[in-house]
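A short write-up of the structure that comes next.
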Amino acid sequence: MNALFIGGTGTISSAITRLISQQPEWQLFLLNRGTHKDETPANVQTLICDINDETALQQCLQGMTFDVVCDFICFTPEQAQRDIRLFQGITKQFIFISSASAYQKPLASPYITEGTPLCNPHWEYSRNKIACEELFMRSYRDNGFPVTIVRPSHTYSERAVPVAVHGANGSWQVLKRMLEGKPVIIPGDGTTLWTLTHNSDFAKAFVGIMGNVHAIGEVFQITGDENLTWNQIHELIANALGVELHPYHVSSDFLAAVGSQYELEGNLIGDKSNTVIFDNTKLKRAVPDFCASIRFDQGVRTTISHILSHPELQQPDPEFDLWCDNVIATLEQAKKQF
């Protein structure tokens with residue numbers, strides 16, 4: 001069986017690429033610009049092409065057919081329409097990576113299934129994913145386009161620690177604040193329940209869906225089953241760093257109002273500030289042997305060890321650090337008025 005991944009080197013896709021490359025029944029092709037060749041397993045073939053150049057891509061794929069095609073970098077309805085044009089008739093299954101952030105906000109219930117309505121007025125990213133889903137499913141109903149939709153939630157890897165609030169350069173500056181004994185902003189009172197999934201666990205479920213006849217025309221959310229509060233998540237990160245956590249709780253509404261440069265309305269009001277408990281029953285029916293086996297306290301230790309030994313992953317963000325200091329100083333000053 002052969003598969004084509006568009007992308008294949010990101011947080012989610014890199015783990016899937018590694019796992020599928022170990023399956024002797026699969027031959028994997030990665031379509032990208034060839035900028036991460038050193039991270040690609042030796043038995044995976046890279047096709048260097050820009051997917052936005054449809055003429056060049058058609059020439060690149062001329063005569064090729066696939067059992068599975070997955071686009072990891074499809075974010076807009078225009079890109080979804082492009083994928084339908086390009087891959088109709090040359091793949092038996094097309095997997096679209098959507099997002100669990102697409103589920104309705106505010107939530108009517110914290111218990112999430114694939115049947116939970118989709119509606120997110122707070123985040124354009126999520127609305128675009130919803131529009132893509134609708135296009136793919138309409139093409140499935142009208143023209144038999146063999147789509148499977150996957151909704152990840154907060155998935156992390158060895159490259160970055162998942163935190164509630166961070167700047168443009170990722171989460172390293174939050175870890176740096178912990179190491180320096182500075183207060184770390186946690187939205188709300190920190191008791192919102194959240195689900196974090198290690199990318200190697202995600203990959204196990206994803207590979208079980210690939211080539212699975214029961215997945216065509218279906219939607220699956222892929223997450224772990226562990227639920228933690230944001231307080232617990234940050235405490236476990238601090239424990240892995242060997243430092244004491246100094247949490248500073250700030251209203252999500254306030255953070256969204258003063259943190260537009262970090263898309264905090266979408267990231268918080270439209271996502272992380274909502275308690276979510278995912279019901280993965282449907283996924284486990286399709287992939288009976290799937291079990292997310294990496295607890296966050298285990299996964300985060302591995303991630304932090306990797307980051308501390310790879311200086312290139314330690315991207316400072318002085319602008320975000322100053323923003324955190326200003327938010328905290330402003331609130332502390334406001335307290336003195338009473």
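Residues are referred to by chain and number: the chain letter is A, B, ... according to the order shown in the structure tokens, the number counts from 1 in that chain, and ligands are numbered separately from 1 in the order shown.
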
Requested in this report: Just list the residues in range 1-232 of chain A DSSP gives alpha helix (DSSP H) on the backbone, as a PyMOL selection string.
Outcome: chain A and resi 11-20+54-60+77-87+124-143+172-179+199-209+230-232

Write to file, as a compact mmCIF listing (two decimals), in the first residue's frame, the residues of the selection just made, with C-alpha atoms.
```txt
# COMPACT_ATOMS: atom_id res chain seq x y z
CA THR A 11 4.26 18.21 15.21
CA ILE A 12 1.59 15.66 14.31
CA SER A 13 2.80 14.45 10.94
CA SER A 14 6.42 13.77 11.92
CA ALA A 15 5.34 11.08 14.40
CA ILE A 16 3.01 9.50 11.84
CA THR A 17 5.81 9.55 9.26
CA ARG A 18 8.16 7.76 11.66
CA LEU A 19 5.57 5.14 12.57
CA ILE A 20 4.32 4.41 9.06
CA GLU A 54 -1.23 22.71 -9.39
CA THR A 55 0.26 22.32 -12.89
CA ALA A 56 3.66 21.35 -11.52
CA LEU A 57 2.06 18.99 -8.99
CA GLN A 58 0.00 17.20 -11.64
CA GLN A 59 3.20 16.66 -13.60
CA CYS A 60 5.00 15.47 -10.47
CA PRO A 77 -11.69 26.40 1.95
CA GLU A 78 -9.67 27.39 -1.11
CA GLN A 79 -7.03 24.81 -0.23
CA ALA A 80 -9.74 22.20 0.36
CA GLN A 81 -11.21 22.85 -3.09
CA ARG A 82 -7.72 22.54 -4.57
CA ASP A 83 -7.21 19.16 -2.88
CA ILE A 84 -10.53 17.87 -4.20
CA ARG A 85 -9.52 18.89 -7.74
CA LEU A 86 -6.07 17.33 -7.43
CA PHE A 87 -6.86 14.02 -5.74
CA GLU A 124 -11.10 32.33 12.27
CA TYR A 125 -8.76 29.34 12.19
CA SER A 126 -11.54 27.12 13.54
CA ARG A 127 -14.19 28.60 11.24
CA ASN A 128 -11.96 27.85 8.26
CA LYS A 129 -11.55 24.26 9.41
CA ILE A 130 -15.35 23.95 9.69
CA ALA A 131 -15.76 25.31 6.15
CA CYS A 132 -13.17 22.81 4.88
CA GLU A 133 -15.02 19.93 6.56
CA GLU A 134 -18.27 21.00 4.92
CA LEU A 135 -16.64 21.14 1.47
CA PHE A 136 -15.05 17.71 1.82
CA MET A 137 -18.23 16.06 3.13
CA ARG A 138 -20.33 17.65 0.38
CA SER A 139 -17.87 16.27 -2.19
CA TYR A 140 -18.13 12.85 -0.53
CA ARG A 141 -21.93 12.90 -0.71
CA ASP A 142 -22.18 14.35 -4.21
CA ASN A 143 -19.19 12.83 -5.99
CA TRP A 172 10.33 28.27 25.62
CA GLN A 173 9.93 31.73 27.17
CA VAL A 174 7.34 30.30 29.60
CA LEU A 175 9.84 27.62 30.65
CA LYS A 176 12.50 30.32 30.99
CA ARG A 177 10.22 32.30 33.31
CA MET A 178 9.79 29.17 35.45
CA LEU A 179 13.54 28.62 35.56
CA ASN A 199 2.17 12.87 19.05
CA SER A 200 3.37 9.25 19.19
CA ASP A 201 0.02 8.26 20.70
CA PHE A 202 -1.80 10.27 18.06
CA ALA A 203 0.21 8.45 15.37
CA LYS A 204 -0.94 5.03 16.57
CA ALA A 205 -4.60 5.96 16.14
CA PHE A 206 -3.99 7.72 12.83
CA VAL A 207 -2.19 4.76 11.26
CA GLY A 208 -5.11 2.57 12.36
CA ILE A 209 -7.45 4.78 10.33
CA TRP A 230 -4.17 23.94 33.67
CA ASN A 231 -2.85 24.26 37.21
CA GLN A 232 -1.81 20.60 37.16
```

Report task. Determine which residues of range 71-311 of chain A receive a DSSP assignment of strand (DSSP E), computed from the backbone, and state them as a PyMOL selection string. Result -> chain A and resi 71+94-97+111-112+147-152+154-156+184-187+193-194+196-198+219-222+228-229+247-250+277-278

Query raised in the report: Which residues come within 7 Å of Ser98 in chain A, counting only C-alpha atoms, excluding same-chain residues fewer than 5 positions away, as a ChimeraX atom specification?
Result: /A:129,149-152

Could you write out the selected residues, including N, CA, C and O atoms, as an mmCIF file, in the first residue's frame?
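Output file again-v3.cif follows:
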```cif
data_model
loop_
_atom_site.group_PDB
_atom_site.id
_atom_site.type_symbol
_atom_site.label_atom_id
_atom_site.label_comp_id
_atom_site.auth_asym_id
_atom_site.auth_seq_id
_atom_site.Cartn_x
_atom_site.Cartn_y
_atom_site.Cartn_z
ATOM 1 N N LYS A 129 -11.556 25.721 9.344
ATOM 2 C CA LYS A 129 -11.550 24.256 9.409
ATOM 3 C C LYS A 129 -12.969 23.707 9.233
ATOM 4 O O LYS A 129 -13.187 22.695 8.556
ATOM 5 N N ILE A 149 -12.271 12.562 8.000
ATOM 6 C CA ILE A 149 -11.915 13.781 8.730
ATOM 7 C C ILE A 149 -11.417 13.409 10.123
ATOM 8 O O ILE A 149 -12.044 12.610 10.820
ATOM 9 N N VAL A 150 -10.283 13.984 10.495
ATOM 10 C CA VAL A 150 -9.671 13.744 11.805
ATOM 11 C C VAL A 150 -9.612 15.063 12.564
ATOM 12 O O VAL A 150 -9.184 16.084 12.009
ATOM 13 N N ARG A 151 -10.041 15.046 13.820
ATOM 14 C CA ARG A 151 -10.008 16.244 14.655
ATOM 15 C C ARG A 151 -9.044 16.032 15.824
ATOM 16 O O ARG A 151 -9.405 15.413 16.822
ATOM 17 N N PRO A 152 -7.818 16.549 15.732
ATOM 18 C CA PRO A 152 -6.907 16.518 16.883
ATOM 19 C C PRO A 152 -7.301 17.610 17.869
ATOM 20 O O PRO A 152 -7.901 18.618 17.501
#
```

Per residue of range 117-201 of chain A within 6 Å of range 259-279 of chain A, record the nearest atom pair and its distance in Å to one decimal, counting only C-alpha atoms, with rows in chain order and ascending residue number, as a Markdown table.
```
| residue | atom | partner | partner_atom | distance |
| --- | --- | --- | --- | --- |
| A:His122 | CA | A:Gly266 | CA | 5.0 |
| A:Trp123 | CA | A:Gly266 | CA | 4.2 |
| A:Thr192 | CA | A:Thr275 | CA | 5.0 |
| A:Leu193 | CA | A:Thr275 | CA | 4.6 |
| A:Trp194 | CA | A:Val276 | CA | 5.9 |
```

I need the chosen residues saved as an mmCIF file, in the first residue's frame, with C-alpha atoms.
```
data_model
loop_
_atom_site.group_PDB
_atom_site.id
_atom_site.type_symbol
_atom_site.label_atom_id
_atom_site.label_comp_id
_atom_site.auth_asym_id
_atom_site.auth_seq_id
_atom_site.Cartn_x
_atom_site.Cartn_y
_atom_site.Cartn_z
ATOM 1 C CA HIS A 122 -14.029 33.411 18.420
ATOM 2 C CA TRP A 123 -11.426 31.984 16.043
ATOM 3 C CA THR A 192 -10.378 24.213 33.551
ATOM 4 C CA LEU A 193 -9.911 20.593 32.454
ATOM 5 C CA TRP A 194 -7.798 20.052 29.363
#
```

Requested in this report: Please identify all polymer residues within 10 Å of Pro318 in chain A, counting only C-alpha atoms, omitting same-chain residues fewer than 6 positions from it, and present them as a list in words.
Outcome: Gly167, Asn169, Gln173 and Cys324 of chain A

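Closest approach to Ala102 in chain A among A:Leu118, A:Ile328, A:Ala168, A:Leu245: A:Leu118, based on only C-alpha atoms.
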
Requested in this report: Would you kindly return, as number ranges by chain, each protein, DNA or RNA residue with an atom no farther than 6 Å from any atom of range 184-187 of chain A, considering only C-alpha atoms and excluding same-chain residues fewer than 6 positions away?
Outcome: A: 247-252

Based on the selection just made, write N, CA, C and O atoms of those residues as a compact mmCIF listing (two decimals), in the first residue's frame.
```txt
# COMPACT_ATOMS: atom_id res chain seq x y z
N PRO A 247 2.40 30.50 40.00
CA PRO A 247 1.29 30.78 39.07
C PRO A 247 0.70 32.17 39.30
O PRO A 247 0.65 32.66 40.44
N TYR A 248 0.27 32.79 38.22
CA TYR A 248 -0.43 34.07 38.30
C TYR A 248 -1.69 33.96 37.47
O TYR A 248 -1.63 33.88 36.24
N HIS A 249 -2.84 33.89 38.15
CA HIS A 249 -4.10 33.64 37.46
C HIS A 249 -4.70 34.95 36.96
O HIS A 249 -4.81 35.92 37.70
N VAL A 250 -5.08 34.91 35.69
CA VAL A 250 -5.64 36.10 35.03
C VAL A 250 -6.87 35.67 34.24
O VAL A 250 -6.86 34.65 33.55
N SER A 251 -7.92 36.48 34.31
CA SER A 251 -9.14 36.22 33.56
C SER A 251 -8.85 36.02 32.07
O SER A 251 -8.10 36.79 31.47
N SER A 252 -9.45 35.00 31.49
CA SER A 252 -9.28 34.76 30.06
C SER A 252 -9.80 35.93 29.24
O SER A 252 -9.22 36.29 28.20
```

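For the set A:Ala329, A:Ile6, A:Met1, A:Leu283, the residue with the smallest atom-to-atom gap to Glu25 in chain A is A:Met1, counting only C-alpha atoms.
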
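Shortest separation to Thr302 in chain A among A:Cys74, A:Ala42, A:Ala215, A:Val161 occurs at residue A:Val161, atoms counted being only C-alpha atoms.
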
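Rounded to one decimal, CA of Phe29 in chain A and CA of Phe145 in chain A lie 20.9 Å from each other.
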
Query raised in the report: Do you know which residues are at most 12 Å from Pro24 in chain A counting only C-alpha atoms, after dropping those on the same chain fewer than 2 positions away, and could you put them as a VMD selection string?
Result: chain A and resid 1 to 2 19 to 22 26 to 28 43 to 44

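Proximity to Ile304 in chain A was assessed for A:Asn120, A:Gln104, A:Asn239, A:Thr281 counting only C-alpha atoms; the smallest distance is recorded for A:Asn239.
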
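Straight-line separation from CA of His166 in chain A to CA of Phe320 in chain A: 7.3 Å.
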
Query raised in the report: For Lys284 in chain A, which residue among A:Asp225, A:Asp325, A:Glu312, A:Asp297 is the nearest when counting only C-alpha atoms?
Result: A:Asp225

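Across A:Cys291, A:Leu196, A:Val163, A:Ala286, the tightest approach to Ala238 in chain A is made by A:Val163 when counting only C-alpha atoms.
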